[in-house]
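What follows is a single structure, written as structure tokens, with notes after it.
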Amino acid sequence: MGNYLNPGNDMFYKMVHSEIYVDKTGLIGYCNHVINTMQRYICVSRPRRFGKTLNMDMLKCFFSNQYRDQGQLFEGLNIWKEEKYQQLQGTYPVIYLSFADVKQTNYKDAVLKIKKIITDVYQQYIELAGWEGLTEVQVRQFQSVDPYMDDVTAQCALKDLSGYLYRYYEKK
């Protein structure tokens, strides 16, 4: 078995300008086609330790409006050479989930961990809980998302959040 460089370091903004980062921003250009596709689901499958989480984090940093003022992360990388991609950086509401830390050995604890991950995503958009564009029922639903929510609430949570973000930002 070989040695791993920076095992567990899956945060793009920490890795991007390190001496071992390999520029994979070409994936972003491909994703521009993905954004405009009619496909509902996209499966990214690669072997273990192949950089899936790091690549997904790179996509989050590029597209997410939470990184809207972080274009310097991409300066000097392939994607930054084209003006049309510079204009896209930081312009989308992004729901980012990684299940890399779900390592529980039983069903109950794994479900609890996944609910915690969903709760953390909701906390990134906590300003929506006070947005007047939500009905009273939707505000209650938003506030009911916590690690101990019932399974039905958890099953609907991401779809609901996606709808709220679409209405709030007027962008898919």
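Residue numbering restarts at 1 for every chain of the structure tokens, chains are lettered A, B, ... in their displayed order, and ligands are numbered from 1 as they appear.
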
Contacts of stretch 32-143 of chain A with stretch 148-171 of chain A up to 12 Å, shortest pair per row, only C-alpha atoms, as CSV:
residue,atom,partner,partner_atom,distance
A:Ile35,CA,A:Lys171,CA,11.4
A:Phe63,CA,A:Lys171,CA,11.9
A:Ser64,CA,A:Lys171,CA,11.6
A:Asn65,CA,A:Tyr169,CA,9.7
A:Thr91,CA,A:Lys171,CA,8.8
A:Tyr92,CA,A:Lys171,CA,6.7
A:Pro93,CA,A:Leu165,CA,6.6
A:Val94,CA,A:Leu165,CA,8.7
A:Ile95,CA,A:Ser162,CA,7.5
A:Tyr96,CA,A:Leu158,CA,10.3
A:Leu97,CA,A:Leu158,CA,10.0
A:Lys108,CA,A:Asp151,CA,11.2
A:Asp109,CA,A:Tyr148,CA,11.2
A:Val111,CA,A:Asp151,CA,8.8
A:Leu112,CA,A:Tyr148,CA,7.2
A:Lys113,CA,A:Tyr148,CA,10.0
A:Ile114,CA,A:Ala154,CA,8.9
A:Lys115,CA,A:Ala154,CA,6.6
A:Lys116,CA,A:Tyr148,CA,8.3
A:Ile117,CA,A:Ala154,CA,10.5
A:Ile118,CA,A:Leu158,CA,7.5
A:Thr119,CA,A:Ala157,CA,9.0
A:Asp120,CA,A:Leu158,CA,11.6
A:Val121,CA,A:Leu158,CA,8.9
A:Tyr122,CA,A:Leu161,CA,7.5
A:Gln123,CA,A:Leu161,CA,11.0
A:Gln124,CA,A:Leu161,CA,11.0
A:Tyr125,CA,A:Leu165,CA,8.5
A:Ile126,CA,A:Leu161,CA,10.7
A:Glu127,CA,A:Tyr168,CA,10.3
A:Leu128,CA,A:Tyr164,CA,7.7
A:Ala129,CA,A:Tyr164,CA,9.9
A:Gly130,CA,A:Tyr168,CA,11.6
A:Trp131,CA,A:Tyr168,CA,8.3
A:Glu132,CA,A:Tyr168,CA,9.8
A:Gly133,CA,A:Tyr168,CA,7.4
A:Leu134,CA,A:Tyr164,CA,7.7
A:Thr135,CA,A:Tyr164,CA,10.6
A:Val137,CA,A:Asp160,CA,11.8
A:Gln138,CA,A:Asp160,CA,8.6
A:Val139,CA,A:Tyr164,CA,10.3
A:Arg140,CA,A:Thr153,CA,11.2
A:Gln141,CA,A:Thr153,CA,7.8
A:Phe142,CA,A:Leu161,CA,8.0
A:Gln143,CA,A:Met149,CA,10.1

- Query: If you run DSSP on the backbone, which residues of stretch 34-150 of chain A are helix (DSSP H, G or I), as number ranges by chain?
  - Reply: A: 34-35, 52-63, 65-67, 71-74, 78-81, 83-88, 107-124, 126-130, 136-143

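Proximity of A:Glu136, A:Phe62, A:Tyr30, A:Thr53 to A:Trp80, computed with only C-alpha atoms, is greatest for A:Phe62.
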
- Message: Report, in Å with one decimal, the straight-line distance from atom CA of A:Arg46 to atom CA of A:Phe74.
- Response: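 Separation of atom CA of A:Arg46 and atom CA of A:Phe74: 23.9 Å.
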
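Each of A:Gln39, A:Met58, A:Tyr13, A:Thr105 was compared to A:Thr25 using only C-alpha atoms, and A:Met58 turns out to be the nearest.
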